[in-house]
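With mmCIF, C-alpha atoms inside, this is input.cif:
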data_my_file
#
loop_
_atom_site.label_atom_id
_atom_site.label_comp_id
_atom_site.auth_asym_id
_atom_site.auth_seq_id
_atom_site.Cartn_x
_atom_site.Cartn_y
_atom_site.Cartn_z
CA MET A 2 -5.63 -25.14 -17.76
CA GLU A 3 -1.86 -25.27 -17.73
CA ASN A 4 0.44 -23.51 -15.31
CA LYS A 5 -0.37 -19.80 -15.04
CA LYS A 6 1.82 -17.03 -13.70
CA VAL A 7 -0.37 -14.96 -11.40
CA TYR A 8 1.09 -11.58 -10.86
CA LYS A 9 1.83 -10.47 -7.29
CA PRO A 10 2.37 -6.74 -7.00
CA GLN A 11 4.55 -5.19 -4.32
CA VAL A 12 5.01 -1.76 -2.87
CA LYS A 13 6.76 0.56 -5.30
CA SER A 14 9.30 2.57 -3.36
CA GLN A 15 11.94 1.22 -1.02
CA PRO A 16 13.05 3.47 1.83
CA LEU A 17 16.40 2.88 3.48
CA ARG A 18 15.99 0.35 6.30
CA TYR A 19 19.62 -0.29 7.22
CA MET A 20 22.43 2.10 8.10
CA TRP A 21 26.07 1.16 8.30
CA ILE A 22 28.56 1.79 11.09
CA ALA A 23 32.31 1.36 10.62
CA HIS A 24 34.40 0.52 13.69
CA PHE A 25 38.10 1.33 13.84
CA GLU A 26 41.09 0.00 15.71
CA ASP A 27 41.40 3.08 17.96
CA GLY A 28 37.89 2.55 19.30
CA THR A 29 36.24 5.22 17.19
CA SER A 30 33.44 4.60 14.74
CA ILE A 31 31.78 6.33 11.82
CA PRO A 32 28.01 5.88 11.43
CA GLU A 33 26.27 6.51 8.13
CA PHE A 34 24.07 9.08 9.89
CA ASP A 35 25.39 11.13 12.77
CA PRO A 36 22.98 10.56 15.67
CA PHE A 37 23.40 14.14 16.93
CA THR A 38 23.77 16.33 13.85
CA PHE A 39 21.93 13.88 11.52
CA GLU A 40 24.51 14.60 8.83
CA LYS A 41 25.35 11.83 6.44
CA ASN A 42 28.82 10.32 6.25
CA THR A 43 29.88 8.62 3.04
CA MET A 44 31.79 5.44 2.38
CA ASN A 45 34.71 7.61 1.27
CA ASP A 46 35.14 8.49 4.96
CA VAL A 47 35.51 4.76 5.62
CA PHE A 48 37.76 4.02 2.64
CA ASP A 49 40.12 6.80 3.81
CA ARG A 50 40.73 4.82 7.01
CA GLU A 51 40.35 1.33 5.58
CA GLU A 52 43.64 0.11 7.06
CA ASP A 53 42.33 0.83 10.58
CA LEU A 54 38.94 -0.74 9.95
CA ILE A 55 38.33 -3.74 12.19
CA LYS A 56 34.58 -4.20 12.00
CA PHE A 57 31.79 -3.09 9.71
CA GLY A 58 28.10 -3.68 10.24
CA ILE A 59 24.65 -2.75 9.07
CA TYR A 60 21.96 -2.04 11.64
CA PRO A 61 18.27 -1.26 11.54
CA ILE A 62 17.73 2.48 11.64
CA PRO A 63 16.41 3.52 15.08
CA ALA A 64 12.91 4.99 15.10
CA SER A 65 14.01 8.33 16.57
CA LEU A 66 16.78 8.72 13.98
CA SER A 67 14.46 7.67 11.17
CA LYS A 68 11.94 10.30 12.22
CA GLU A 69 14.56 13.05 12.20
CA LEU A 70 16.02 11.98 8.86
CA ASN A 71 12.61 11.91 7.24
CA GLU A 72 11.47 15.21 8.72
CA ARG A 73 14.69 16.97 7.77
CA GLY A 74 14.60 15.55 4.26
CA ILE A 75 18.06 14.04 4.65
CA GLU A 76 17.05 10.52 3.70
CA TYR A 77 13.86 8.58 3.18
CA THR A 78 14.08 5.88 5.84
CA TYR A 79 11.92 3.30 7.57
CA ALA A 80 12.52 2.04 11.10
CA ASN A 81 11.94 -1.65 11.73
CA PRO A 82 13.44 -2.67 15.09
CA PHE A 83 12.87 -6.35 14.33
CA LEU A 84 15.44 -6.41 11.55
CA PRO A 85 18.56 -8.40 12.44
CA LYS A 86 21.91 -6.65 12.46
CA TYR A 87 24.85 -7.94 10.42
CA GLU A 88 28.49 -7.39 11.33
CA ILE A 89 31.72 -8.65 9.86
CA ASN A 90 35.14 -8.65 11.49
CA LEU A 91 37.85 -7.57 9.10
CA ASP A 92 40.77 -9.47 10.58
CA ASN A 93 43.49 -11.41 8.71
CA TYR A 94 43.76 -8.81 5.94
CA LYS A 95 40.15 -9.14 4.85
CA ARG A 96 38.98 -6.29 2.66
CA LEU A 97 35.50 -4.82 2.96
CA ILE A 98 32.80 -5.26 0.31
CA PHE A 99 29.76 -3.08 0.72
CA PHE A 100 27.23 -1.73 -1.76
CA ARG A 101 23.49 -1.46 -2.25
CA ARG A 102 22.05 -3.17 -5.31
CA ASN A 103 19.00 -1.44 -6.72
CA PHE A 104 16.37 -2.91 -9.02
CA ILE A 105 13.93 -0.83 -11.03
CA HIS A 106 11.25 -3.08 -12.46
CA ASN A 107 9.14 -1.52 -15.19
CA GLU A 108 6.18 -3.82 -15.00
CA THR A 109 3.18 -4.16 -17.20
CA TYR A 110 0.34 -6.35 -16.20
CA ARG A 111 -3.32 -7.10 -16.82
CA LYS A 112 -5.99 -6.73 -14.20
CA CYS A 113 -9.26 -8.64 -14.21
CA ARG A 114 -12.11 -6.18 -13.66
CA LYS A 115 -14.26 -8.96 -12.26
CA CYS A 116 -12.09 -10.50 -9.52
CA GLY A 117 -9.21 -7.98 -9.34
CA CYS A 118 -6.54 -10.58 -10.09
CA GLU A 119 -3.33 -9.18 -11.60
CA PHE A 120 -1.46 -11.36 -14.06
CA GLN A 121 1.00 -11.28 -16.94
CA SER A 122 1.07 -14.39 -19.12
CA CYS A 123 -2.18 -16.32 -19.56
CA GLU A 124 -4.31 -18.34 -21.95
CA LYS A 125 -6.40 -16.50 -24.50
CA THR A 126 -9.73 -16.97 -26.21
CA ASN A 127 -9.71 -18.53 -29.64
CA GLU A 128 -10.70 -15.46 -31.62
CA ILE A 129 -9.23 -13.22 -34.29
CA ASN A 130 -8.63 -10.59 -31.62
CA PRO A 131 -8.10 -12.89 -28.64
CA SER A 132 -8.93 -11.85 -25.12
CA PRO A 133 -6.81 -12.85 -22.10
CA ILE A 134 -8.47 -15.37 -19.79
CA CYS A 135 -8.15 -14.50 -16.10
CA PRO A 136 -6.13 -17.32 -14.45
CA LYS A 137 -8.12 -16.93 -11.24
CA CYS A 138 -11.80 -16.65 -12.23
CA GLY A 139 -11.63 -17.71 -15.89
CA THR A 140 -13.47 -14.68 -17.23
CA HIS A 141 -12.51 -12.72 -20.34
CA ASP A 142 -13.77 -9.87 -22.54
CA PHE A 143 -17.27 -10.25 -23.91
CA TYR A 144 -19.45 -8.46 -26.44
CA VAL A 145 -22.57 -6.39 -25.87
CA CYS A 146 -25.12 -5.32 -28.45
CA THR A 147 -25.16 -1.54 -28.77
CA LYS A 148 -28.93 -1.63 -29.27
CA CYS A 149 -30.55 -4.42 -27.26
CA ASP A 150 -27.79 -5.07 -24.65
CA ARG A 151 -27.70 -8.78 -25.44
CA THR A 152 -24.31 -10.24 -24.48
CA TYR A 153 -22.11 -12.72 -26.35
CA LYS A 154 -19.17 -14.53 -24.73
CA LEU A 155 -17.31 -14.64 -28.03
CA LYS A 156 -17.73 -12.60 -31.16
CA ALA A 157 -17.99 -15.83 -33.11
CA ASP A 158 -21.17 -16.63 -31.16
CA ALA A 159 -22.92 -13.83 -33.05
CA LYS A 160 -23.81 -14.54 -36.64
CA ASN A 161 -21.70 -12.40 -38.99
CA ASN A 162 -20.32 -10.71 -35.89
CA MET A 163 -23.60 -8.81 -35.53
CA CYS A 164 -26.34 -9.08 -32.94
CA HIS A 165 -29.46 -10.99 -33.93
CA CYS A 166 -31.25 -7.60 -33.90
CA GLY A 167 -28.87 -6.37 -36.57
CA ALA A 168 -26.92 -3.93 -34.43
CA TYR A 169 -23.19 -3.80 -33.95
CA LEU A 170 -21.42 -5.38 -30.98
CA LYS A 171 -19.25 -3.47 -28.56
CA ARG A 172 -16.34 -5.19 -26.83
CA GLU A 173 -16.57 -4.99 -23.05
CA ARG A 174 -12.99 -5.03 -21.81
CA ILE A 175 -12.73 -7.13 -18.67
CA THR A 176 -9.23 -8.59 -18.87
CA SER A 177 -7.52 -6.98 -21.87
CA GLY A 178 -6.60 -3.67 -20.25
CA VAL A 179 -2.85 -3.25 -19.73
CA PHE A 180 -1.49 -1.29 -16.81
CA GLY A 181 2.01 -0.19 -15.99
CA ARG A 182 3.86 0.43 -12.78
CA GLU A 183 7.37 0.87 -11.49
CA ARG A 184 8.56 -1.27 -8.60
CA ARG A 185 11.82 -0.69 -6.78
CA VAL A 186 13.77 -3.19 -4.72
CA ARG A 187 17.01 -2.68 -2.84
CA GLU A 188 19.42 -5.34 -1.59
CA THR A 189 22.31 -4.63 0.75
CA HIS A 190 25.49 -6.53 -0.10
CA LEU A 191 27.92 -6.90 2.76
CA GLY A 192 31.04 -9.05 2.80
CA TYR A 193 34.75 -9.25 2.42
CA GLN A 194 37.40 -10.46 0.06
CA GLU A 195 40.67 -12.10 0.96
CA THR A 196 43.57 -13.53 -0.96
CA ILE A 197 44.16 -17.21 -0.28
CA LYS A 198 47.04 -18.90 -2.07
CA GLY A 199 47.09 -16.13 -4.63
CA ILE A 200 43.37 -16.38 -5.40
CA ASN A 201 41.00 -13.56 -4.54
CA LYS A 202 37.97 -15.03 -2.79
CA LYS A 203 34.81 -13.08 -2.00
CA THR A 204 32.24 -13.89 0.64
CA ILE A 205 29.14 -11.73 0.35
CA LEU A 206 25.85 -11.62 2.22
CA LYS A 207 22.88 -10.46 0.17
CA ILE A 208 20.37 -8.93 2.58
CA ASP A 209 16.86 -7.96 1.55
CA LYS A 210 14.52 -5.37 3.04
CA ASN A 211 13.15 -7.87 5.56
CA GLY A 212 16.58 -8.81 6.83
CA ASN A 213 16.65 -12.18 5.06
CA SER A 214 20.12 -13.04 3.89
CA GLU A 215 21.82 -15.32 1.41
CA MET A 216 25.52 -16.04 1.35
CA VAL A 217 27.39 -16.02 -1.94
CA TYR A 218 30.94 -17.17 -2.57
CA GLN A 219 32.85 -15.87 -5.59
CA GLU A 220 36.38 -16.33 -6.91
CA MET B 16 20.89 10.86 -0.06
CA VAL B 17 20.89 7.61 -1.91
CA ALA B 18 20.94 8.26 -5.64
CA GLU B 19 17.75 9.28 -7.41
CA VAL B 20 17.47 7.30 -10.60
CA GLN B 21 14.68 7.02 -13.15
CA VAL B 22 14.05 5.10 -16.35
CA GLU B 23 13.44 7.03 -19.55
CA GLU B 24 12.54 6.19 -23.12
CA ILE B 25 14.19 8.27 -25.82
CA THR B 26 12.45 9.20 -29.07
CA GLY B 27 12.88 11.92 -31.67
CA ALA B 28 15.79 13.20 -33.66
CA PHE B 29 19.31 13.49 -32.26
CA GLY B 30 19.73 16.90 -30.69
CA SER B 31 16.03 17.37 -30.02
CA GLU B 32 15.22 14.10 -28.29
CA THR B 33 12.10 13.51 -26.24
CA PHE B 34 12.76 11.81 -22.90
CA THR B 35 9.68 10.05 -21.57
CA LEU B 36 9.73 9.15 -17.92
CA LYS B 37 8.77 5.54 -17.27
CA ASP B 38 7.55 5.70 -13.70
CA ASP B 39 4.20 4.90 -12.20
CA THR B 40 2.68 8.36 -12.23
CA GLU B 41 0.73 7.27 -15.28
CA VAL B 42 0.68 4.33 -17.65
CA ASN B 43 4.38 3.65 -17.99
CA ASN B 44 4.83 0.66 -20.21
CA SER B 45 6.68 0.79 -23.51
CA ARG B 46 4.94 -0.56 -26.58
CA TYR B 47 6.50 -1.44 -29.91
CA TYR B 48 5.17 0.23 -33.06
CA THR B 49 6.15 0.73 -36.63
CA ALA B 50 6.67 4.37 -35.74
CA ASP B 51 8.98 6.35 -33.48
CA ASN B 52 6.34 6.66 -30.79
CA HIS B 53 6.74 6.62 -27.02
CA SER B 54 3.02 6.21 -26.28
CA ALA B 55 2.10 3.47 -23.83
CA THR B 56 -1.39 2.94 -25.15
CA ALA B 57 -1.60 3.72 -28.88
CA THR B 58 -3.05 1.04 -31.14
CA THR B 59 -1.97 2.60 -34.43
CA ASN B 60 1.09 1.42 -36.37
CA PRO B 61 1.22 -2.18 -35.13
CA VAL B 62 3.94 -4.48 -36.48
CA PRO B 63 2.51 -6.36 -39.51
CA ILE B 64 2.97 -10.11 -39.89
CA PRO B 65 4.90 -10.94 -43.07
CA ASN B 66 3.04 -12.78 -45.80
CA GLU B 67 3.38 -16.54 -45.35
CA VAL B 68 4.17 -17.06 -49.04
CA VAL B 69 6.75 -14.35 -49.33
CA GLY B 70 8.17 -14.98 -45.84
CA GLY B 71 10.83 -12.83 -44.30
CA VAL B 72 10.85 -10.83 -41.12
CA SER B 73 9.35 -7.48 -40.30
CA GLY B 74 10.53 -5.39 -37.41
CA SER B 75 9.18 -2.74 -35.13
CA TYR B 76 10.96 0.56 -34.91
CA TRP B 77 13.73 0.08 -32.37
CA LYS B 78 13.28 1.51 -28.88
CA THR B 79 15.88 3.29 -26.79
CA HIS B 80 15.85 3.31 -23.00
CA CYS B 81 18.30 4.67 -20.47
CA LEU B 82 18.70 5.47 -16.80
CA ASN B 83 18.74 9.08 -15.74
CA VAL B 84 20.57 9.85 -12.50
CA THR B 85 18.81 12.97 -11.19
CA GLY B 86 20.23 12.88 -7.68
CA ALA B 87 23.87 12.00 -7.10
CA PRO B 88 24.89 9.01 -4.98
CA SER B 89 27.12 9.45 -1.95
CA VAL B 90 30.12 7.95 -3.71
CA ARG B 91 29.39 6.16 -6.97
CA ILE B 92 27.06 4.13 -9.18
CA GLU B 93 28.44 1.16 -11.09
CA ASN B 94 27.55 -2.00 -12.98
CA ILE B 95 24.36 -0.85 -14.69
CA ARG B 96 22.54 -3.89 -16.04
CA PHE B 97 19.30 -4.65 -17.86
CA TYR B 98 17.14 -7.73 -18.36
CA VAL B 99 13.70 -8.68 -19.62
CA GLY B 100 11.80 -11.22 -17.53
CA TRP B 101 10.79 -13.78 -20.13
CA ASP B 102 9.25 -17.01 -18.85
CA THR B 103 10.37 -18.88 -21.95
CA HIS B 104 11.50 -17.25 -25.22
CA PRO B 105 10.01 -14.20 -26.93
CA SER B 106 9.25 -16.20 -30.07
CA SER B 107 7.04 -18.64 -28.15
CA GLN B 108 5.79 -16.36 -25.41
CA TRP B 109 4.69 -13.68 -27.85
CA LEU B 110 4.06 -16.12 -30.73
CA LEU B 111 6.23 -14.10 -33.10
CA CYS B 112 6.73 -16.85 -35.63
CA ALA B 113 5.67 -20.38 -36.52
CA GLY B 114 8.12 -23.24 -36.12
CA ASN B 115 11.27 -21.19 -36.43
CA THR B 116 13.24 -18.74 -34.37
CA GLU B 117 13.17 -15.72 -36.67
CA GLY B 118 10.59 -13.98 -34.53
CA ASP B 119 12.32 -12.49 -31.54
CA HIS B 120 12.82 -9.60 -29.18
CA VAL B 121 16.38 -8.45 -29.67
CA ILE B 122 18.79 -6.02 -28.08
CA GLY B 123 21.84 -4.30 -29.54
CA VAL B 124 25.17 -5.64 -28.28
CA SER B 125 28.81 -4.99 -29.08
CA SER B 126 30.37 -8.26 -27.91
CA ALA B 127 30.35 -11.58 -29.69
CA SER B 128 29.98 -14.01 -26.81
CA ASP B 129 27.04 -14.20 -24.42
CA ALA B 130 29.43 -14.26 -21.47
CA ASP B 131 31.11 -11.02 -22.58
CA CYS B 132 27.68 -9.37 -22.94
CA ARG B 133 27.19 -9.95 -19.22
CA ILE B 134 30.46 -8.39 -18.06
CA LEU B 135 31.49 -5.82 -20.68
CA THR B 136 29.66 -2.61 -21.58
CA GLN B 137 26.98 -3.27 -24.22
CA GLY B 138 25.05 -0.02 -24.06
CA PHE B 139 25.86 3.04 -26.13
CA PRO B 140 26.62 6.60 -24.98
CA SER B 141 24.08 9.35 -25.43
CA SER B 142 26.33 10.90 -28.07
CA SER B 143 25.63 7.84 -30.24
CA TYR B 144 21.85 8.03 -29.96
CA ASP B 145 20.21 7.15 -33.26
CA GLN B 146 16.55 7.85 -33.92
CA ALA B 147 14.48 4.82 -34.93
CA THR B 148 13.66 4.83 -38.63
CA GLY B 149 11.74 2.77 -41.14
CA THR B 150 8.51 2.93 -43.12
CA GLU B 151 5.64 3.86 -40.83
CA SER B 152 2.96 1.19 -40.46
CA VAL B 153 5.04 -1.19 -42.59
CA CYS B 154 8.40 -2.07 -41.07
CA GLY B 155 11.11 -0.56 -38.95
CA ASP B 156 14.74 -0.53 -39.99
CA PHE B 157 16.75 -3.23 -38.27
CA ILE B 158 19.26 -2.47 -35.54
CA SER B 159 21.70 -4.49 -37.54
CA GLY B 160 21.64 -6.71 -40.60
CA ALA B 161 19.20 -6.49 -43.49
CA GLY B 162 17.98 -3.06 -44.53
CA SER B 163 19.66 0.04 -45.83
CA VAL B 164 19.51 1.96 -42.55
CA ASN B 165 20.73 0.44 -39.30
CA HIS B 166 21.57 1.66 -35.85
CA THR B 167 24.83 3.51 -36.46
CA TYR B 168 26.50 2.45 -33.22
CA TYR B 169 25.68 -1.25 -33.23
CA ASN B 170 26.01 -1.75 -36.95
CA GLY B 171 29.45 -0.19 -36.69
CA CYS B 172 30.58 -2.62 -34.00
CA THR B 173 33.02 -5.30 -35.04
CA ASN B 174 31.28 -7.96 -32.99
CA GLY B 175 27.83 -8.73 -31.79
CA HIS B 176 25.21 -6.43 -33.32
CA ILE B 177 22.06 -8.05 -31.88
CA LYS B 178 21.13 -10.86 -29.51
CA SER B 179 17.85 -12.22 -28.22
CA THR B 180 16.78 -10.77 -24.89
CA ALA B 181 15.96 -14.37 -23.90
CA LEU B 182 19.68 -14.62 -23.15
CA PHE B 183 19.31 -11.87 -20.58
CA SER B 184 16.17 -12.78 -18.67
CA THR B 185 17.23 -12.86 -15.01
CA GLN B 186 19.39 -10.90 -12.63
CA THR B 187 22.19 -13.45 -12.81
CA ASN B 188 22.47 -13.35 -16.60
CA ALA B 189 21.55 -9.69 -17.13
CA LEU B 190 23.06 -7.67 -19.94
CA MET B 191 25.80 -5.30 -18.78
CA VAL B 192 24.76 -1.88 -20.03
CA TYR B 193 27.69 -0.03 -18.51
CA SER B 194 30.46 -1.76 -16.59
CA GLY B 195 32.19 1.45 -15.61
CA THR B 196 31.69 3.72 -12.63
CA LYS B 197 29.90 7.02 -12.32
CA THR B 198 31.71 8.59 -9.40
CA ARG B 199 30.80 11.65 -7.44
CA ASN B 200 33.74 13.99 -7.35
CA GLY B 201 33.12 16.86 -5.03
CA SER B 202 30.05 18.10 -6.83
CA SER B 203 27.10 16.32 -8.40
CA ASN B 204 29.00 15.58 -11.53
CA CYS B 205 27.82 12.01 -11.87
CA VAL B 206 24.23 13.00 -12.48
CA GLY B 207 22.89 12.64 -15.99
CA ARG B 208 21.85 9.89 -18.34
CA SER B 209 23.54 6.53 -18.39
CA TRP B 210 24.44 4.55 -21.45
CA ALA B 211 21.34 3.38 -23.26
CA VAL B 212 19.98 0.12 -24.62
CA CYS B 213 18.27 -0.42 -27.95
CA THR B 214 15.61 -3.12 -28.37
CA GLN B 215 13.39 -4.26 -31.22
CA VAL B 216 10.67 -6.80 -31.95
CA LEU B 217 11.11 -9.06 -34.99
CA VAL B 218 7.99 -10.72 -36.39
CA ALA B 219 8.14 -13.63 -38.83
CA SER B 220 5.49 -15.30 -40.96
CA GLY B 221 3.11 -17.52 -39.02
CA ALA B 222 3.06 -15.17 -36.04
CA THR B 223 -0.18 -14.77 -34.14
CA GLN B 224 -1.75 -11.36 -34.34
CA GLY B 225 -2.99 -9.40 -31.37
CA GLU B 226 -1.77 -7.55 -28.34
CA LYS B 227 0.97 -9.49 -26.58
CA ASP B 228 1.26 -10.42 -22.93
CA PRO B 229 3.05 -7.87 -20.79
CA VAL B 230 6.58 -8.59 -19.65
CA THR B 231 8.76 -6.83 -17.10
CA ALA B 232 11.93 -4.98 -17.99
CA THR B 233 14.36 -4.46 -15.11
CA TRP B 234 17.30 -2.15 -14.61
CA VAL B 235 19.88 -2.99 -11.95
CA TYR B 236 22.68 -0.82 -10.58
CA ASP B 237 25.03 -0.97 -7.63
CA GLU B 238 25.45 2.04 -5.42
CA VAL B 239 28.02 2.90 -2.77
#

Step by step, read the file and then write its structure as structure tokens.
Amino acid sequence: MENKKVYKPQVKSQPLRYMWIAHFEDGTSIPEFDPFTFEKNTMNDVFDREEDLIKFGIYPIPASLSKELNERGIEYTYANPFLPKYEINLDNYKRLIFFRRNFIHNETYRKCRKCGCEFQSCEKTNEINPSPICPKCGTHDFYVCTKCDRTYKLKADAKNNMCHCGAYLKRERITSGVFGRERRVRETHLGYQETIKGINKKTILKIDKNGNSEMVYQE
Amino acid sequence: MVAEVQVEEITGAFGSETFTLKDDTEVNNSRYYTADNHSATATTNPVPIPNEVVGGVSGSYWKTHCLNVTGAPSVRIENIRFYVGWDTHPSSQWLLCAGNTEGDHVIGVSSASDADCRILTQGFPSSSYDQATGTESVCGDFISGAGSVNHTYYNGCTNGHIKSTALFSTQTNALMVYSGTKTRNGSSNCVGRSWAVCTQVLVASGATQGEKDPVTATWVYDEV
């Protein structure tokens, strides 16, 4: 069989795992969540003092803060102390770039009732109403006589599409059921832009929920 | 709170639309019919394959999807994009035609070049919603082009009209639905439905009948 795309599902909802803290020239800082009142500050509070901003970072949300935020219904968060922190120094007239990129995947997939494998594209049986073939175990829909329970792998195996006892065949759906699900993913984008020889250059870190990062340069 | 956003499918007549939530509380996929139907599982009104002798293309009724911002972001939402995760091309992945490229899965656009479709707004505002029409069980009207009734917004655009969703199949080449910004301004005034996209399946002679493989549709938005 040729290359198959086996479907790998992931957890649907993505809680907030990182919080930002902005550090200013006078030694003060603004955290996204106040550690004492648990109130949320917005990026507008940072933009208002952007000229004094010297450092901006994202940090894993502490477990105690996460617990309070969740219990108070302020924000749905998840504490993972093993996440790395990311900080950028905004010297030499660098300008902050920060946003969270959200993905909503509306996924449809098939699920093999025999082995549980989830998949999207696949080979199909050579029939008028083809059945998807599971890329893992190779099974597909089959047909059962409504009277004598005799099974047929393909409808074409039964003469005139009827059982040898003369009864009709019922399709047993093993792989042709389609299921839907929504999956959400969030990336944190942190970086800066600076003007070099009249050209605006952006350096951005794309950080996923596990703290993995990828650097992107844009002009 | 970070913004609360959900995907919805829009059916029904303008002014009395039905908004169907596409989350995972139940079967949430969208399926193309020759009817204005938001069901995820119906098997009635499939898209017929045109006669091989006569040829031509038949279309599903077009489908309209949008984002609905139900909880405001802290500051703003911007750069709303959409893509369909094709492995290859709809015509070959869904076997929508034989030996030509008339069979396709298309999306309404208002820019001529592919590059512009990725940076300029291609969606339409809710005030321009147009109910899908056609002859039930036979053929849907086309978003643009042949047929007496088209999508009013896209058919009225100077450029573009429709493009294959194969051009917008990954995050990096996603279609820009709305390039503007929905900004919170004191109150929750940036909640509400975003600009929408309109998609349609085109089936040409020689297509293979049957239920097609599932594909994933993805919405992307940036939030501050």

Taking all atoms listed in the file into account, which residues of chain B are within 9 Å of chain A, as a PyMOL selection string?
chain B and resi 16-17+20-22+37-45+55-56+89-90+102+108+224-239

By how many Å are atom CA of B:His120 and atom CA of A:Gly117 apart?
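Distance between the two atoms: 29.7 Å.
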
Run the PyMOL selection byres ((chain B and resi 133) around 10) mentally over the shown coordinates, then write out the matched residues as a ChimeraX atom specification, using the chain letters and numbers from the document.
/B:96-97,126,128-132,134-137,182-183,187-194

Would you kindly return, as a PyMOL selection string, each protein, DNA or RNA residue with an atom no farther than 12 Å from any atom of B:Gly114, considering only C-alpha atoms and excluding same-chain residues fewer than 4 positions away?
chain B and resi 106-107+110+118+219-222

Here's the selection I'm unsure about, the PyMOL selection byres ((chain B and resi 148-157) around 7); applied to the file above, which residues does it give, as a compact mmCIF listing (two decimals) with C-alpha atoms, in the frame of the given file?
# COMPACT_ATOMS: atom_id res chain seq x y z
CA THR B 49 6.15 0.73 -36.63
CA ALA B 50 6.67 4.37 -35.74
CA ASN B 60 1.09 1.42 -36.37
CA PRO B 61 1.22 -2.18 -35.13
CA VAL B 62 3.94 -4.48 -36.48
CA PRO B 63 2.51 -6.36 -39.51
CA SER B 73 9.35 -7.48 -40.30
CA GLY B 74 10.53 -5.39 -37.41
CA SER B 75 9.18 -2.74 -35.13
CA TYR B 76 10.96 0.56 -34.91
CA GLN B 146 16.55 7.85 -33.92
CA ALA B 147 14.48 4.82 -34.93
CA ILE B 158 19.26 -2.47 -35.54
CA SER B 159 21.70 -4.49 -37.54
CA GLY B 160 21.64 -6.71 -40.60
CA ALA B 161 19.20 -6.49 -43.49
CA GLY B 162 17.98 -3.06 -44.53
CA VAL B 164 19.51 1.96 -42.55
CA ASN B 165 20.73 0.44 -39.30

For atom CA of B:Ile122 and atom CA of B:Glu19, determine how far apart the two atoms are, in Å to one decimal place.
25.7 Å
